[in-house]
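Source file: protein_36.csv. Holds: CSV, C-alpha atoms.
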```
chain,number,residue,atom,x,y,z
A,201,MET,CA,-0.1,-15.9,31.2
A,202,THR,CA,2.6,-16.9,33.7
A,203,THR,CA,3.4,-15.0,36.8
A,204,THR,CA,7.0,-15.5,35.8
A,205,SER,CA,8.7,-13.9,38.7
A,206,SER,CA,6.8,-15.7,41.5
A,207,LEU,CA,7.0,-19.1,39.8
A,208,ALA,CA,10.6,-18.5,38.8
A,209,VAL,CA,11.5,-17.5,42.4
A,210,ALA,CA,9.7,-20.5,43.9
A,211,LEU,CA,11.4,-22.9,41.5
A,212,SER,CA,14.8,-21.3,42.2
A,213,GLU,CA,14.2,-21.7,46.0
A,214,LEU,CA,13.0,-25.3,45.6
A,215,LEU,CA,16.0,-26.2,43.5
A,216,ASP,CA,18.3,-24.6,46.1
A,217,LEU,CA,16.6,-26.7,48.8
A,218,LEU,CA,16.9,-29.9,46.6
A,219,GLU,CA,20.6,-29.2,45.9
A,220,SER,CA,21.4,-28.6,49.6
A,221,GLY,CA,19.5,-31.7,50.7
A,222,SER,CA,17.0,-29.5,52.6
A,223,LEU,CA,13.9,-30.4,50.5
A,224,LYS,CA,12.3,-32.1,53.4
A,225,THR,CA,8.9,-32.5,55.1
A,226,GLY,CA,7.4,-29.2,56.0
A,227,VAL,CA,8.7,-27.2,53.1
A,228,GLN,CA,5.8,-25.3,51.5
A,229,MET,CA,6.2,-22.8,48.6
A,230,PRO,CA,3.3,-20.8,47.1
A,231,ILE,CA,3.1,-20.8,43.3
A,232,GLN,CA,0.9,-19.2,40.7
A,233,ARG,CA,0.5,-19.6,37.0
A,234,GLY,CA,-2.0,-17.3,35.4
A,235,SER,CA,-5.3,-17.6,37.4
A,236,ALA,CA,-4.2,-20.9,39.0
A,237,THR,CA,-2.8,-20.6,42.5
A,238,GLY,CA,-1.5,-23.2,44.9
A,239,PHE,CA,1.7,-24.5,46.4
A,240,VAL,CA,4.5,-27.1,46.3
A,241,VAL,CA,4.8,-29.0,49.6
A,242,VAL,CA,6.9,-31.8,50.9
A,243,ILE,CA,4.9,-34.4,52.9
A,244,PRO,CA,5.6,-37.8,54.4
A,245,ASP,CA,4.4,-40.6,52.1
A,246,PRO,CA,1.1,-41.8,53.8
A,247,ARG,CA,1.9,-45.4,53.1
A,248,ASP,CA,5.6,-45.2,54.1
A,249,PRO,CA,6.3,-42.3,56.5
A,250,SER,CA,10.0,-42.9,56.2
A,251,GLN,CA,9.8,-41.6,52.6
A,252,GLU,CA,8.8,-38.1,51.4
A,253,ILE,CA,6.7,-36.9,48.5
A,254,VAL,CA,6.9,-33.5,46.8
A,255,GLU,CA,3.4,-32.5,45.8
A,256,VAL,CA,2.2,-29.8,43.5
A,257,ARG,CA,-1.3,-28.7,44.3
A,258,LEU,CA,-3.3,-25.9,42.6
A,259,THR,CA,-6.9,-24.9,43.3
A,260,ILE,CA,-9.1,-24.8,40.2
A,261,MET,CA,-12.6,-23.8,41.5
A,262,SER,CA,-15.3,-24.5,44.1
A,263,VAL,CA,-17.6,-27.4,43.6
A,264,PRO,CA,-20.9,-26.3,42.0
A,265,SER,CA,-23.9,-26.9,44.2
A,266,GLY,CA,-26.4,-29.2,42.6
A,267,ARG,CA,-24.1,-30.2,39.8
A,268,GLU,CA,-21.7,-32.4,41.7
A,269,SER,CA,-22.3,-35.5,39.6
A,270,ALA,CA,-21.8,-33.7,36.3
A,271,LEU,CA,-18.6,-32.2,37.7
A,272,MET,CA,-17.3,-35.5,39.0
A,273,ARG,CA,-17.9,-37.2,35.6
A,274,ARG,CA,-16.1,-34.3,33.9
A,275,LEU,CA,-13.1,-34.5,36.2
A,276,LEU,CA,-12.8,-38.2,35.6
A,277,GLU,CA,-12.9,-37.6,31.9
A,278,LEU,CA,-10.2,-35.0,32.2
A,279,ASN,CA,-8.0,-37.2,34.4
A,280,GLY,CA,-7.8,-39.6,31.5
A,281,THR,CA,-6.3,-36.9,29.3
A,282,LEU,CA,-3.5,-36.2,31.8
A,283,HIS,CA,-1.9,-39.7,31.2
A,284,GLY,CA,-1.1,-40.3,34.9
A,285,ARG,CA,1.0,-37.1,35.3
A,286,ALA,CA,-1.5,-35.3,37.5
A,287,SER,CA,-5.1,-35.8,38.7
A,288,PHE,CA,-8.1,-33.7,39.7
A,289,ALA,CA,-9.6,-34.2,43.1
A,290,VAL,CA,-12.1,-32.6,45.4
A,291,THR,CA,-11.0,-31.5,48.9
A,292,GLU,CA,-12.9,-31.7,52.2
A,293,ASP,CA,-13.6,-28.0,51.7
A,294,ASP,CA,-15.4,-28.7,48.4
A,295,LEU,CA,-12.6,-27.3,46.2
A,296,VAL,CA,-11.5,-28.8,42.9
A,297,ILE,CA,-7.7,-29.2,42.8
A,298,LEU,CA,-5.2,-30.5,40.3
A,299,SER,CA,-2.3,-32.2,42.0
A,300,ALA,CA,0.8,-34.2,41.0
A,301,GLY,CA,3.4,-35.8,43.2
A,302,ARG,CA,6.7,-37.6,43.1
A,303,SER,CA,8.9,-39.2,45.7
A,304,THR,CA,11.9,-37.1,46.7
A,305,GLN,CA,14.1,-40.2,46.6
A,306,ASP,CA,16.5,-39.7,43.7
A,307,LEU,CA,14.6,-36.6,42.5
A,308,ASP,CA,16.7,-34.6,40.2
A,309,PRO,CA,16.4,-30.9,39.3
A,310,GLY,CA,14.9,-31.5,35.9
A,311,GLU,CA,12.2,-33.7,37.3
A,312,LEU,CA,11.3,-31.1,40.0
A,313,VAL,CA,11.1,-28.3,37.4
A,314,ASP,CA,9.0,-30.5,35.1
A,315,VAL,CA,6.4,-31.6,37.7
A,316,VAL,CA,6.0,-28.0,39.0
A,317,LEU,CA,5.8,-26.3,35.6
A,318,TRP,CA,3.7,-28.9,33.9
A,319,THR,CA,1.2,-29.2,36.6
A,320,ALA,CA,0.9,-25.4,36.9
A,321,GLU,CA,0.4,-25.1,33.2
A,322,GLN,CA,-2.3,-27.7,33.2
A,323,ALA,CA,-4.1,-26.0,36.1
A,324,ASP,CA,-4.0,-22.7,34.3
A,325,TYR,CA,-5.4,-24.3,31.2
A,326,PHE,CA,-8.1,-26.4,32.8
A,327,ASP,CA,-9.4,-23.8,35.2
A,328,ASP,CA,-10.6,-21.7,32.3
A,329,ILE,CA,-12.3,-24.7,30.7
A,330,LEU,CA,-14.0,-25.8,33.9
A,331,LEU,CA,-15.1,-22.3,34.9
A,332,THR,CA,-16.6,-21.8,31.4
A,333,GLU,CA,-18.5,-25.1,31.7
A,334,PHE,CA,-19.7,-24.8,35.3
A,335,GLY,CA,-19.7,-21.1,36.0
A,336,HIS,CA,-17.2,-18.3,36.5
A,337,GLU,CA,-18.7,-17.5,39.9
A,338,LEU,CA,-17.0,-20.7,41.2
A,339,ALA,CA,-13.5,-19.2,40.8
A,340,THR,CA,-11.5,-19.2,44.0
```
Any chance you could give the structure as structure tokens?
Amino acid sequence: MTTTSSLAVALSELLDLLESGSLKTGVQMPIQRGSATGFVVVIPDPRDPSQEIVEVRLTIMSVPSGRESALMRRLLELNGTLHGRASFAVTEDDLVILSAGRSTQDLDPGELVDVVLWTAEQADYFDDILLTEFGHELAT
């Protein structure tokens, strides 16, 4: 189930920032879709700091102690099903995240809406699957 108002409000604010030319480094907007929570953030491109990236990042679960290799294998398998549109990763804090990013250069409103909604939808879908496989106690 989508938390429509918060996701809709976040998208509206992000689109306003894009339209006004203010979608710049430092912008961070919390988002939620079902049980998946995270944020949209604008960061400098690590390889070219003169460019910016809009990143959608949602937390899926904590890494299960003692089952790290099984989880890593499963995340790599799932990455293959996302066809390059997003990817799972593990943070320094041992959290599994799903993230997607796109350069802000020539970013149009439809692309921004797509990357945010699609990534949030996938996170809400896959958090249920991964928590069922690895344990609901790992929910964040």
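Coordinates place atom CA of A:Arg302 at a distance of 12.7 Å from atom CA of A:Ser287.
Residue neighbourhood of A:Leu278, excluding near-sequence residues (fewer than 3 positions): A:Arg273, A:Arg274, A:Leu275, A:Thr281, A:Leu282, A:Ser287, A:Phe288, A:Phe326, at 9 Å, using all atoms listed in the file.
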Exercise. Pick from A:Leu298, A:Ile260, A:Val254, A:Ala289: nearest to A:Leu218, with all atoms listed in the file counted?
Worked result: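 Looking only at the distances to A:Leu218, the closest residue turns out to be A:Val254.
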Exercise. Between atom CA of A:Gln305 and atom CA of A:Ala208, what is the spacing in Å?
Worked result: 23.3 Å
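You will find atom CA of A:Leu338 at 26.0 Å from atom CA of A:Gly284.
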For this session: Pick out the closest residue to A:Pro264 from this set: A:Thr340, A:Gln251, A:Thr319, A:Asn279. Count all atoms listed in the file.
Result: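 So, comparing all the options, the nearest one is A:Thr340.
Minimum atom-to-atom distances from A:Val240, A:Ala210, A:Met229, A:Ala300 to A:Trp318 were compared using only C-alpha atoms, and the lowest value belongs to A:Ala300.
The smallest atom-to-atom distance between A:Ala286 and any of A:Glu213, A:Asp324, A:Glu255, A:Glu337, using all atoms listed in the file, is found for A:Glu255.
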For this session: Name the residues in contact with A:Gln228 at a cut-off of 9 Å, using all atoms listed in the file, excluding same-chain residues fewer than 5 positions from it; report them as an NGL selection string.
Result: :A and (239-242)
Same residues, C-alpha atoms, output as a PDB file, in the frame of the given file:
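The new file selection06.pdb reads:
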```pdb
ATOM      1  CA  PHE A 239       1.700 -24.500  46.400  1.00  0.00           C
ATOM      2  CA  VAL A 240       4.500 -27.100  46.300  1.00  0.00           C
ATOM      3  CA  VAL A 241       4.800 -29.000  49.600  1.00  0.00           C
ATOM      4  CA  VAL A 242       6.900 -31.800  50.900  1.00  0.00           C
TER       5      VAL A 242
END
```
Seminar exercise, completed: Using all atoms listed in the file, the best pick from A:Glu311, A:Glu321, A:Asp294, A:Asp216 as closest to A:Glu268 would be A:Asp294
Problem set entry | Neighbour list for A:Leu207 as a PyMOL selection string, cut-off 12 Å, only C-alpha atoms, skip fewer than 5 positions in-chain | chain A and resi 201-202+212-214+229-234+236-240+313+316-318+320-321
Problem set entry | A:Leu271 surroundings by only C-alpha atoms, 10 Å radius, close-in-sequence under 6 positions cut, as a VMD selection string | chain A and resid 263 to 265 277 296 330 333 to 334
Exercise. Of the candidates A:Thr332, A:Thr225, A:Ser269, A:Thr291, which shows the shortest atom-to-atom distance to A:Ile253, using all atoms listed in the file?
Worked result: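 Under the stated criterion, the closest residue is A:Thr225.
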Centre and edge lengths, as AutoDock Vina command-line options, for the axis-aligned box enclosing every listed atom of stretch 299-316 of chain A with 8 Å of padding on each of the six sides, in Å to one decimal?
```
--center_x 7.2 --center_y -34.1 --center_z 40.9 --size_x 35.0 --size_y 28.2 --size_z 27.6
```
Contact check, stretch 218-238 of chain A to stretch 244-250 of chain A, at most 12 Å, counting all atoms listed in the file, closest pairs as CSV:
```
residue,atom,partner,partner_atom,distance
A:Leu223,CA,A:Pro244,CA,11.8
A:Lys224,CA,A:Pro244,CA,8.9
A:Thr225,CA,A:Pro244,CA,6.3
A:Gly226,CA,A:Pro244,CA,8.9
A:Val227,CA,A:Pro244,CA,11.1
```
Exercise. Residues at most 10 Å from A:Gly310, counting all atoms listed in the file, excluding those fewer than 4 positions away in the same chain, as a PyMOL selection string?
Worked result: chain A and resi 215+314-315
